[in-house]
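Participant: This is protein_17.cif (mmCIF, C-alpha atoms).
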data_final
#
loop_
_atom_site.group_PDB
_atom_site.id
_atom_site.type_symbol
_atom_site.label_atom_id
_atom_site.label_comp_id
_atom_site.auth_asym_id
_atom_site.auth_seq_id
_atom_site.Cartn_x
_atom_site.Cartn_y
_atom_site.Cartn_z
ATOM 1 C CA MET D 1011 -10.358 18.273 17.992
ATOM 2 C CA LYS D 1012 -10.636 17.694 14.263
ATOM 3 C CA ALA D 1013 -8.309 15.768 11.999
ATOM 4 C CA LEU D 1014 -7.059 16.789 8.574
ATOM 5 C CA VAL D 1015 -6.126 13.785 6.439
ATOM 6 C CA LEU D 1016 -3.944 14.555 3.435
ATOM 7 C CA SER D 1017 -4.810 12.510 0.347
ATOM 8 C CA GLY D 1018 -3.734 14.746 -2.504
ATOM 9 C CA GLY D 1019 -0.354 13.328 -3.461
ATOM 10 C CA ALA D 1020 0.350 12.087 -6.977
ATOM 11 C CA GLY D 1021 1.967 8.869 -5.746
ATOM 12 C CA THR D 1022 4.858 9.128 -8.214
ATOM 13 C CA ARG D 1023 7.030 6.694 -6.248
ATOM 14 C CA LEU D 1024 4.378 3.981 -6.456
ATOM 15 C CA ARG D 1025 4.094 3.965 -10.233
ATOM 16 C CA PRO D 1026 3.020 2.218 -12.423
ATOM 17 C CA ILE D 1027 0.224 1.355 -9.954
ATOM 18 C CA THR D 1028 -0.625 5.050 -9.521
ATOM 19 C CA HIS D 1029 -0.726 5.774 -13.257
ATOM 20 C CA THR D 1030 -4.332 4.538 -13.209
ATOM 21 C CA SER D 1031 -5.364 4.837 -9.565
ATOM 22 C CA ALA D 1032 -4.755 6.830 -6.418
ATOM 23 C CA GLU D 1033 -2.103 5.872 -3.885
ATOM 24 C CA GLN D 1034 -4.323 6.044 -0.793
ATOM 25 C CA PRO D 1035 -6.832 3.266 -1.679
ATOM 26 C CA VAL D 1036 -4.032 0.737 -2.336
ATOM 27 C CA PRO D 1037 -4.803 -2.048 0.133
ATOM 28 C CA VAL D 1038 -2.488 -3.178 2.902
ATOM 29 C CA ALA D 1039 -3.629 -6.400 4.570
ATOM 30 C CA ASP D 1040 -6.818 -6.227 2.461
ATOM 31 C CA LYS D 1041 -7.699 -2.742 3.692
ATOM 32 C CA ALA D 1042 -6.901 0.572 2.004
ATOM 33 C CA VAL D 1043 -3.907 2.432 3.449
ATOM 34 C CA LEU D 1044 -6.228 5.401 3.927
ATOM 35 C CA PHE D 1045 -8.636 3.387 6.072
ATOM 36 C CA HIS D 1046 -5.874 2.312 8.455
ATOM 37 C CA GLY D 1047 -5.294 5.994 9.198
ATOM 38 C CA LEU D 1048 -8.979 6.833 9.547
ATOM 39 C CA GLU D 1049 -9.538 3.925 11.931
ATOM 40 C CA SER D 1050 -6.568 5.016 14.044
ATOM 41 C CA LEU D 1051 -8.174 8.462 14.389
ATOM 42 C CA ALA D 1052 -11.454 6.852 15.416
ATOM 43 C CA ASP D 1053 -9.629 4.731 17.983
ATOM 44 C CA VAL D 1054 -8.460 7.874 19.812
ATOM 45 C CA GLY D 1055 -11.923 9.425 19.700
ATOM 46 C CA ILE D 1056 -11.596 11.748 16.690
ATOM 47 C CA THR D 1057 -14.723 11.430 14.586
ATOM 48 C CA ARG D 1058 -14.716 14.716 12.630
ATOM 49 C CA VAL D 1059 -12.310 14.320 9.758
ATOM 50 C CA GLY D 1060 -11.601 16.493 6.739
ATOM 51 C CA MET D 1061 -9.577 15.418 3.723
ATOM 52 C CA ILE D 1062 -7.306 17.241 1.308
ATOM 53 C CA VAL D 1063 -7.578 15.754 -2.187
ATOM 54 C CA GLY D 1064 -6.001 16.384 -5.584
ATOM 55 C CA ASP D 1065 -6.408 15.015 -9.080
ATOM 56 C CA THR D 1066 -7.631 11.681 -7.707
ATOM 57 C CA ALA D 1067 -10.471 13.300 -5.747
ATOM 58 C CA ALA D 1068 -13.174 11.212 -7.421
ATOM 59 C CA GLU D 1069 -11.505 7.955 -6.465
ATOM 60 C CA ILE D 1070 -10.919 9.082 -2.870
ATOM 61 C CA GLN D 1071 -14.534 10.218 -2.587
ATOM 62 C CA GLU D 1072 -15.750 6.895 -3.972
ATOM 63 C CA ALA D 1073 -13.735 5.112 -1.311
ATOM 64 C CA VAL D 1074 -14.740 7.196 1.724
ATOM 65 C CA GLY D 1075 -17.996 8.901 0.770
ATOM 66 C CA ASP D 1076 -19.061 12.492 0.126
ATOM 67 C CA GLY D 1077 -16.553 15.125 1.276
ATOM 68 C CA SER D 1078 -18.393 18.162 -0.062
ATOM 69 C CA THR D 1079 -18.161 20.058 3.249
ATOM 70 C CA ARG D 1080 -14.346 19.959 3.446
ATOM 71 C CA ARG D 1081 -13.771 23.511 2.168
ATOM 72 C CA HIS D 1082 -13.501 26.083 4.999
ATOM 73 C CA TRP D 1083 -14.267 23.169 7.323
ATOM 74 C CA LEU D 1084 -11.428 23.650 9.808
ATOM 75 C CA GLY D 1085 -12.088 27.320 10.395
ATOM 76 C CA GLY D 1086 -10.302 28.471 13.556
ATOM 77 C CA ASP D 1087 -10.526 25.078 15.255
ATOM 78 C CA ASP D 1088 -7.610 23.029 16.465
ATOM 79 C CA PHE D 1089 -6.577 20.253 14.103
ATOM 80 C CA ILE D 1090 -3.933 17.577 13.779
ATOM 81 C CA GLY D 1091 -2.105 16.971 10.487
ATOM 82 C CA GLY D 1092 1.325 15.505 10.109
ATOM 83 C CA VAL D 1093 4.945 15.751 11.232
ATOM 84 C CA ALA D 1094 7.656 18.396 11.641
ATOM 85 C CA GLU D 1095 10.983 19.627 13.050
ATOM 86 C CA LEU D 1096 10.717 20.196 16.786
ATOM 87 C CA GLY D 1097 12.546 22.524 19.133
ATOM 88 C CA PRO D 1098 13.878 21.442 22.542
ATOM 89 C CA ASP D 1099 10.568 22.313 24.215
ATOM 90 C CA GLY D 1100 8.485 20.379 21.688
ATOM 91 C CA GLN D 1101 7.472 23.497 19.760
ATOM 92 C CA VAL D 1102 7.224 23.120 15.988
ATOM 93 C CA ILE D 1103 10.052 25.226 14.507
ATOM 94 C CA GLY D 1104 10.118 24.123 10.888
ATOM 95 C CA LEU D 1105 8.556 22.046 8.152
ATOM 96 C CA GLU D 1106 9.831 20.623 4.883
ATOM 97 C CA GLU D 1107 7.987 18.448 2.369
ATOM 98 C CA LYS D 1108 9.834 15.192 1.503
ATOM 99 C CA PRO D 1109 13.345 16.558 2.150
ATOM 100 C CA GLN D 1110 16.349 14.752 0.712
ATOM 101 C CA GLN D 1111 17.845 14.559 4.225
ATOM 102 C CA PRO D 1112 15.090 15.057 6.826
ATOM 103 C CA ARG D 1113 15.917 16.992 9.976
ATOM 104 C CA SER D 1114 13.641 14.650 11.896
ATOM 105 C CA GLY D 1115 11.601 11.498 11.411
ATOM 106 C CA LEU D 1116 8.437 13.591 11.083
ATOM 107 C CA ALA D 1117 6.735 14.516 7.783
ATOM 108 C CA LEU D 1118 3.670 16.291 6.361
ATOM 109 C CA ARG D 1119 1.776 15.656 3.157
ATOM 110 C CA ALA D 1120 0.738 17.884 0.280
ATOM 111 C CA VAL D 1121 -1.286 21.190 -0.024
ATOM 112 C CA GLU D 1122 0.495 24.484 -1.366
ATOM 113 C CA PRO D 1123 2.584 25.341 -4.510
ATOM 114 C CA SER D 1124 6.151 24.015 -4.467
ATOM 115 C CA TRP D 1125 9.089 23.174 -6.719
ATOM 116 C CA ARG D 1126 7.370 19.823 -7.343
ATOM 117 C CA GLY D 1127 4.380 21.553 -8.920
ATOM 118 C CA GLU D 1128 2.122 20.266 -6.147
ATOM 119 C CA LEU D 1129 0.239 21.901 -3.305
ATOM 120 C CA GLU D 1130 2.018 21.634 0.037
ATOM 121 C CA ILE D 1131 0.274 22.049 3.370
ATOM 122 C CA THR D 1132 3.744 22.468 4.837
ATOM 123 C CA HIS D 1133 3.947 25.949 3.339
ATOM 124 C CA ALA D 1134 0.741 26.962 5.080
ATOM 125 C CA VAL D 1135 1.861 25.611 8.455
ATOM 126 C CA GLN D 1136 5.348 27.087 8.008
ATOM 127 C CA HIS D 1137 3.682 30.463 7.550
ATOM 128 C CA LEU D 1138 1.933 30.016 10.910
ATOM 129 C CA ILE D 1139 5.304 29.259 12.492
ATOM 130 C CA ASP D 1140 6.912 32.304 10.835
ATOM 131 C CA VAL D 1141 4.211 34.635 12.202
ATOM 132 C CA ARG D 1142 4.583 33.050 15.666
ATOM 133 C CA ALA D 1143 1.170 31.404 15.725
ATOM 134 C CA ASP D 1144 0.594 28.679 18.300
ATOM 135 C CA VAL D 1145 1.759 25.563 16.478
ATOM 136 C CA ARG D 1146 2.128 22.604 18.820
ATOM 137 C CA SER D 1147 3.314 19.048 18.413
ATOM 138 C CA THR D 1148 2.757 15.640 19.905
ATOM 139 C CA VAL D 1149 5.295 12.894 19.446
ATOM 140 C CA VAL D 1150 3.491 9.599 18.896
ATOM 141 C CA ALA D 1151 5.440 6.526 19.891
ATOM 142 C CA GLY D 1152 5.069 3.298 17.959
ATOM 143 C CA TYR D 1153 5.499 2.006 14.447
ATOM 144 C CA GLY D 1154 5.388 4.399 11.543
ATOM 145 C CA LYS D 1155 6.195 3.778 7.895
ATOM 146 C CA ASP D 1156 5.691 5.614 4.631
ATOM 147 C CA THR D 1157 3.996 3.615 1.889
ATOM 148 C CA GLY D 1158 5.284 5.749 -0.962
ATOM 149 C CA ASN D 1159 7.026 2.984 -2.889
ATOM 150 C CA VAL D 1160 6.560 -0.727 -3.569
ATOM 151 C CA THR D 1161 9.224 -1.926 -1.122
ATOM 152 C CA ASP D 1162 7.807 0.091 1.757
ATOM 153 C CA THR D 1163 4.241 -0.894 0.904
ATOM 154 C CA LEU D 1164 5.153 -4.581 1.050
ATOM 155 C CA GLU D 1165 6.936 -4.016 4.364
ATOM 156 C CA VAL D 1166 3.885 -2.273 5.844
ATOM 157 C CA ASN D 1167 1.708 -5.108 4.580
ATOM 158 C CA ARG D 1168 4.011 -7.576 6.349
ATOM 159 C CA THR D 1169 3.812 -5.651 9.613
ATOM 160 C CA VAL D 1170 0.041 -5.186 9.564
ATOM 161 C CA LEU D 1171 -0.533 -8.871 8.791
ATOM 162 C CA GLU D 1172 1.178 -9.760 12.072
ATOM 163 C CA GLY D 1173 -1.926 -8.533 13.883
ATOM 164 C CA PRO D 1174 -5.113 -10.374 12.797
ATOM 165 C CA GLU D 1175 -5.978 -13.746 14.290
ATOM 166 C CA CYS D 1176 -6.989 -16.722 12.159
ATOM 167 C CA ARG D 1177 -10.512 -16.303 10.773
ATOM 168 C CA ILE D 1178 -12.241 -18.467 8.169
ATOM 169 C CA ASP D 1179 -15.473 -16.830 6.991
ATOM 170 C CA GLY D 1180 -15.309 -18.130 3.425
ATOM 171 C CA GLU D 1181 -15.241 -21.653 2.033
ATOM 172 C CA VAL D 1182 -12.150 -23.843 2.553
ATOM 173 C CA ASP D 1183 -12.370 -27.444 1.360
ATOM 174 C CA GLU D 1184 -10.945 -30.516 3.121
ATOM 175 C CA GLU D 1185 -8.020 -30.775 0.703
ATOM 176 C CA THR D 1186 -6.770 -27.328 1.669
ATOM 177 C CA GLU D 1187 -4.230 -26.845 4.460
ATOM 178 C CA THR D 1188 -4.047 -23.560 6.340
ATOM 179 C CA VAL D 1189 -1.087 -22.829 8.590
ATOM 180 C CA GLY D 1190 -0.874 -19.983 11.087
ATOM 181 C CA ARG D 1191 -2.858 -16.742 10.997
ATOM 182 C CA VAL D 1192 -4.894 -17.071 7.832
ATOM 183 C CA VAL D 1193 -7.940 -14.891 7.133
ATOM 184 C CA VAL D 1194 -10.379 -16.064 4.472
ATOM 185 C CA GLU D 1195 -13.053 -13.431 4.001
ATOM 186 C CA GLU D 1196 -16.734 -14.109 3.371
ATOM 187 C CA GLY D 1197 -17.470 -15.258 -0.158
ATOM 188 C CA ALA D 1198 -13.897 -16.394 -0.817
ATOM 189 C CA ARG D 1199 -13.351 -20.000 -1.919
ATOM 190 C CA VAL D 1200 -10.106 -21.940 -1.393
ATOM 191 C CA THR D 1201 -9.766 -25.458 -2.807
ATOM 192 C CA GLY D 1202 -6.901 -27.917 -3.093
ATOM 193 C CA SER D 1203 -4.400 -25.373 -1.826
ATOM 194 C CA ARG D 1204 -1.925 -24.646 0.961
ATOM 195 C CA ILE D 1205 -2.130 -21.230 2.625
ATOM 196 C CA VAL D 1206 0.552 -20.194 5.108
ATOM 197 C CA GLY D 1207 -0.079 -17.167 7.296
ATOM 198 C CA PRO D 1208 -0.037 -14.475 8.083
ATOM 199 C CA SER D 1209 -2.113 -13.871 4.985
ATOM 200 C CA VAL D 1210 -5.492 -12.582 3.862
ATOM 201 C CA ILE D 1211 -7.767 -13.882 1.100
ATOM 202 C CA GLY D 1212 -10.282 -11.198 0.174
ATOM 203 C CA VAL D 1213 -14.022 -11.250 -0.365
ATOM 204 C CA GLY D 1214 -15.151 -13.229 -3.410
ATOM 205 C CA THR D 1215 -11.644 -14.403 -4.317
ATOM 206 C CA GLU D 1216 -10.988 -17.897 -5.694
ATOM 207 C CA VAL D 1217 -7.787 -19.771 -4.847
ATOM 208 C CA ARG D 1218 -7.469 -23.198 -6.466
ATOM 209 C CA ASP D 1219 -4.639 -25.734 -6.575
ATOM 210 C CA SER D 1220 -2.207 -23.079 -5.405
ATOM 211 C CA TYR D 1221 0.256 -22.126 -2.683
ATOM 212 C CA GLY D 1222 -0.230 -18.877 -0.794
ATOM 213 C CA GLY D 1223 2.863 -18.033 1.212
ATOM 214 C CA PRO D 1224 3.231 -15.798 4.264
ATOM 215 C CA PHE D 1225 2.772 -12.029 4.188
ATOM 216 C CA THR D 1226 0.453 -12.144 1.198
ATOM 217 C CA SER D 1227 -2.695 -10.050 0.839
ATOM 218 C CA VAL D 1228 -5.117 -10.929 -1.936
ATOM 219 C CA ALA D 1229 -7.874 -8.351 -2.405
ATOM 220 C CA GLU D 1230 -11.480 -8.957 -3.403
ATOM 221 C CA ASN D 1231 -12.655 -10.825 -6.493
ATOM 222 C CA CYS D 1232 -9.242 -12.137 -7.503
ATOM 223 C CA ARG D 1233 -8.462 -15.503 -9.079
ATOM 224 C CA ILE D 1234 -5.349 -17.526 -8.269
ATOM 225 C CA VAL D 1235 -5.145 -20.912 -9.973
ATOM 226 C CA ASP D 1236 -2.265 -23.399 -10.140
ATOM 227 C CA SER D 1237 0.175 -20.744 -8.908
ATOM 228 C CA GLU D 1238 2.531 -19.831 -6.067
ATOM 229 C CA VAL D 1239 2.358 -16.392 -4.459
ATOM 230 C CA GLU D 1240 4.143 -15.117 -1.366
ATOM 231 C CA TYR D 1241 5.174 -11.836 0.242
ATOM 232 C CA SER D 1242 2.991 -9.981 -2.241
ATOM 233 C CA LEU D 1243 0.007 -7.688 -2.620
ATOM 234 C CA VAL D 1244 -2.611 -8.631 -5.208
ATOM 235 C CA LEU D 1245 -5.144 -5.892 -5.876
ATOM 236 C CA ARG D 1246 -8.807 -6.431 -6.648
ATOM 237 C CA ASP D 1247 -10.010 -8.290 -9.746
ATOM 238 C CA ALA D 1248 -6.511 -9.512 -10.596
ATOM 239 C CA SER D 1249 -5.821 -12.994 -11.958
ATOM 240 C CA ILE D 1250 -2.751 -15.227 -11.596
ATOM 241 C CA GLU D 1251 -2.948 -18.554 -13.375
ATOM 242 C CA GLY D 1252 -0.309 -21.201 -14.011
ATOM 243 C CA VAL D 1253 2.565 -19.115 -12.649
ATOM 244 C CA ALA D 1254 5.186 -20.430 -10.241
ATOM 245 C CA CYS D 1255 6.973 -18.386 -7.594
ATOM 246 C CA VAL D 1256 5.466 -14.901 -7.652
ATOM 247 C CA GLU D 1257 7.124 -13.127 -4.710
ATOM 248 C CA SER D 1258 7.831 -9.603 -3.434
ATOM 249 C CA SER D 1259 5.326 -8.337 -6.007
ATOM 250 C CA LEU D 1260 2.558 -5.757 -6.252
ATOM 251 C CA ILE D 1261 -0.057 -6.857 -8.802
ATOM 252 C CA GLY D 1262 -2.426 -4.133 -9.990
ATOM 253 C CA ARG D 1263 -6.193 -4.174 -10.377
ATOM 254 C CA HIS D 1264 -7.688 -6.224 -13.229
ATOM 255 C CA PHE D 1265 -4.194 -7.481 -14.060
ATOM 256 C CA GLU D 1266 -3.686 -10.929 -15.597
ATOM 257 C CA VAL D 1267 -0.498 -12.917 -14.975
ATOM 258 C CA THR D 1268 -0.109 -16.065 -17.100
ATOM 259 C CA PRO D 1269 2.814 -18.178 -18.306
ATOM 260 C CA ALA D 1270 4.677 -17.129 -21.423
ATOM 261 C CA PRO D 1271 3.966 -19.371 -24.438
ATOM 262 C CA SER D 1272 6.408 -22.235 -24.783
ATOM 263 C CA VAL D 1273 8.830 -22.017 -27.687
ATOM 264 C CA PRO D 1274 11.327 -24.559 -29.013
ATOM 265 C CA ARG D 1275 14.657 -24.342 -27.237
ATOM 266 C CA ALA D 1276 17.645 -24.309 -29.567
ATOM 267 C CA HIS D 1277 21.294 -23.335 -29.617
ATOM 268 C CA ARG D 1278 22.962 -21.535 -32.510
ATOM 269 C CA LEU D 1279 26.667 -22.257 -32.444
ATOM 270 C CA VAL D 1280 29.639 -21.127 -34.500
ATOM 271 C CA LEU D 1281 32.587 -23.163 -33.211
ATOM 272 C CA GLY D 1282 36.175 -23.177 -34.284
ATOM 273 C CA ASP D 1283 38.331 -26.261 -34.768
ATOM 274 C CA HIS D 1284 39.307 -28.328 -31.733
ATOM 275 C CA SER D 1285 36.743 -26.520 -29.462
ATOM 276 C CA LYS D 1286 34.906 -27.963 -26.476
ATOM 277 C CA VAL D 1287 31.394 -26.870 -25.408
ATOM 278 C CA ARG D 1288 29.572 -27.762 -22.193
ATOM 279 C CA ASN D 1289 25.820 -27.371 -22.423
ATOM 280 C CA HIS D 1290 23.869 -27.287 -19.147
ATOM 281 C CA SER D 1291 20.370 -26.912 -20.615
#
Show me the file's structure as structure tokens.
Facilitator:
Amino acid sequence: MKALVLSGGAGTRLRPITHTSAEQPVPVADKAVLFHGLESLADVGITRVGMIVGDTAAEIQEAVGDGSTRRHWLGGDDFIGGVAELGPDGQVIGLEEKPQQPRSGLALRAVEPSWRGELEITHAVQHLIDVRADVRSTVVAGYGKDTGNVTDTLEVNRTVLEGPECRIDGEVDEETETVGRVVVEEGARVTGSRIVGPSVIGVGTEVRDSYGGPFTSVAENCRIVDSEVEYSLVLRDASIEGVACVESSLIGRHFEVTPAPSVPRAHRLVLGDHSKVRNHS
């Protein structure tokens, strides 16, 4: 059995993050979404994997290695791909790419021309169904969640972070308090801070004089100083400094978050006779 992993989508629902990068390498719990899928395939013994890519092929290849043999790779072999509409006997009877109202909780990703201007693999598989080819299905029980938008990505991050046990491979000084399942990767340095799990601090990241709340994943080589971050994803090489209460956020790569410059606070008033003003500032 081979596996076909679909990584060709444009990631329009995850913009602006996907304006400058692919959707699939966005990390969840400090590991690319794509890698979670590949590791799940390996866990069930599937080691021969092909990938469908699109405009972001170079970035996908950089993440997973050379995929030069993917063309004509499946041949006539069995393969597993995505999700579909099932008949009463479990037979696949129909496919639709990202329907407005899905007929089932199953879905496939892109590969042949459609109204969206993308390639949809669903069209190819639907053709097999139409010509009565042997298209079979397996219903997989357990948690499943699309990561197509920011809200869903944060929710998946929250769920995945429930798994890892506490692990401190990096440097954590005596003034730092860690609570619960906190992972500090090798090369990371946490000083004068409070980190509440479940959370992950990535390789080479510096956290200083800050609060890291639960369900936060900070990728590699980030810098968080004198700030508060919780229920958020911070991508690699990002910097947050002097900012209070960053929450439910997705911070892109190489992004800098700093306080706005202070300006004099003033009120401009035009008041009529016998008025009363209450100022709460």
Participant: Pull the neighbourhood of (-18.5, -21.4, 5.8) for me: all residues within 10 Å in file coordinates, counting only C-alpha atoms, as a list in words.
Facilitator: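 Here the neighbourhood of the point contains Ile1178, Asp1179, Gly1180, Glu1181, Val1182, Asp1183, Val1194, Glu1195, Glu1196, Gly1197, Ala1198 and Arg1199 of chain D.
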Participant: Can you turn the PyMOL selection byres ((chain D and resi 1167) around 8) into a concrete residue list for this file, as a list in words?
Facilitator: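 Listing what the PyMOL selection byres ((chain D and resi 1167) around 8) selects in the shown file: Val1038, Ala1039, Thr1163, Leu1164, Glu1165, Val1166, Arg1168, Thr1169, Val1170, Leu1171, Phe1225, Thr1226, Ser1227 and Leu1243 of chain D.
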Participant: Would you export the selected residues with C-alpha atoms as an mmCIF file, keeping the file's coordinate frame, please?
Facilitator:
data_model
loop_
_atom_site.group_PDB
_atom_site.id
_atom_site.type_symbol
_atom_site.label_atom_id
_atom_site.label_comp_id
_atom_site.auth_asym_id
_atom_site.auth_seq_id
_atom_site.Cartn_x
_atom_site.Cartn_y
_atom_site.Cartn_z
ATOM 1 C CA VAL D 1038 -2.488 -3.178 2.902
ATOM 2 C CA ALA D 1039 -3.629 -6.400 4.570
ATOM 3 C CA THR D 1163 4.241 -0.894 0.904
ATOM 4 C CA LEU D 1164 5.153 -4.581 1.050
ATOM 5 C CA GLU D 1165 6.936 -4.016 4.364
ATOM 6 C CA VAL D 1166 3.885 -2.273 5.844
ATOM 7 C CA ARG D 1168 4.011 -7.576 6.349
ATOM 8 C CA THR D 1169 3.812 -5.651 9.613
ATOM 9 C CA VAL D 1170 0.041 -5.186 9.564
ATOM 10 C CA LEU D 1171 -0.533 -8.871 8.791
ATOM 11 C CA PHE D 1225 2.772 -12.029 4.188
ATOM 12 C CA THR D 1226 0.453 -12.144 1.198
ATOM 13 C CA SER D 1227 -2.695 -10.050 0.839
ATOM 14 C CA LEU D 1243 0.007 -7.688 -2.620
#
Participant: Report, in Å with one decimal, the straight-line distance from atom CA of Ile1211 of chain D to atom CA of Leu1051 of chain D.
Facilitator: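 Computed distance, atom CA of Ile1211 of chain D to atom CA of Leu1051 of chain D, equals 26.0 Å.
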Participant: If the PyMOL selection byres ((chain D and resi 1240) around 8) were run on this exact file, what residues would it hold? Put them as a list in words.
Facilitator: Gly1222, Gly1223, Pro1224, Phe1225, Thr1226, Glu1238, Val1239, Tyr1241, Ser1242, Cys1255, Val1256, Glu1257 and Ser1258 of chain D
Participant: Any idea what the distance is between atom CA of Val1210 of chain D and atom CA of Thr1186 of chain D?
Facilitator: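 Atom CA of Val1210 of chain D sits 15.0 Å away from atom CA of Thr1186 of chain D.
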Participant: Between atom CA of Ile1261 of chain D and atom CA of Asn1159 of chain D, measure the distance and give it in Å to one decimal.
Facilitator: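 Atom CA of Asn1159 of chain D lies at a distance of 13.5 Å from atom CA of Ile1261 of chain D.
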Participant: Taking the file as I've supplied it (selection: the PyMOL selection byres ((chain D and resi 1263-1265) around 7)), which residues are included? Please answer as number ranges by chain.
Facilitator: D: 1245-1249, 1261-1262, 1266-1267
Participant: Compare D:Gly1202, D:Pro1269, D:Gly1047, D:Pro1174 by their minimum atom-to-atom distance to Thr1188 of chain D, counting only C-alpha atoms, and give me the closest one.
Facilitator: D:Gly1202
Participant: Produce the centre coordinates and the three edge lengths, each in Å to one decimal, of the box along x, y and z that contains all listed atoms of segment 1157-1169 of chain D with 6 Å added on each side, as AutoDock Vina command-line options.
Facilitator:
--center_x 5.5 --center_y -0.9 --center_z 3.0 --size_x 19.5 --size_y 25.3 --size_z 25.2
Participant: My list of candidates is D:Leu1260, D:Val1054, D:Val1141, D:Ile1205. Which is closest to Ala1229 of chain D when distances are computed with all atoms listed in the file?
Facilitator: D:Leu1260
Participant: Using only C-alpha atoms for the distances, tell me which of D:Gly1252, D:Gly1214, D:Gly1190, D:Gly1060 is nearest to Cys1232 of chain D.
Facilitator: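 Closest candidate: D:Gly1214.
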Participant: Taking all atoms listed in the file into account, name the residue in D:Ala1270, D:Val1193, D:Val1217, D:Ile1139 that is nearest to Glu1172 of chain D.
Facilitator: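 Smallest distance to Glu1172 of chain D is found for D:Val1193.
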Participant: Anything within 9 Å of (-4.9, -22.6, -11.4): list those residues as a PyMOL selection string, counting only C-alpha atoms and sticking to the file's coordinates.
Facilitator: chain D and resi 1217-1220+1233-1237+1250-1253
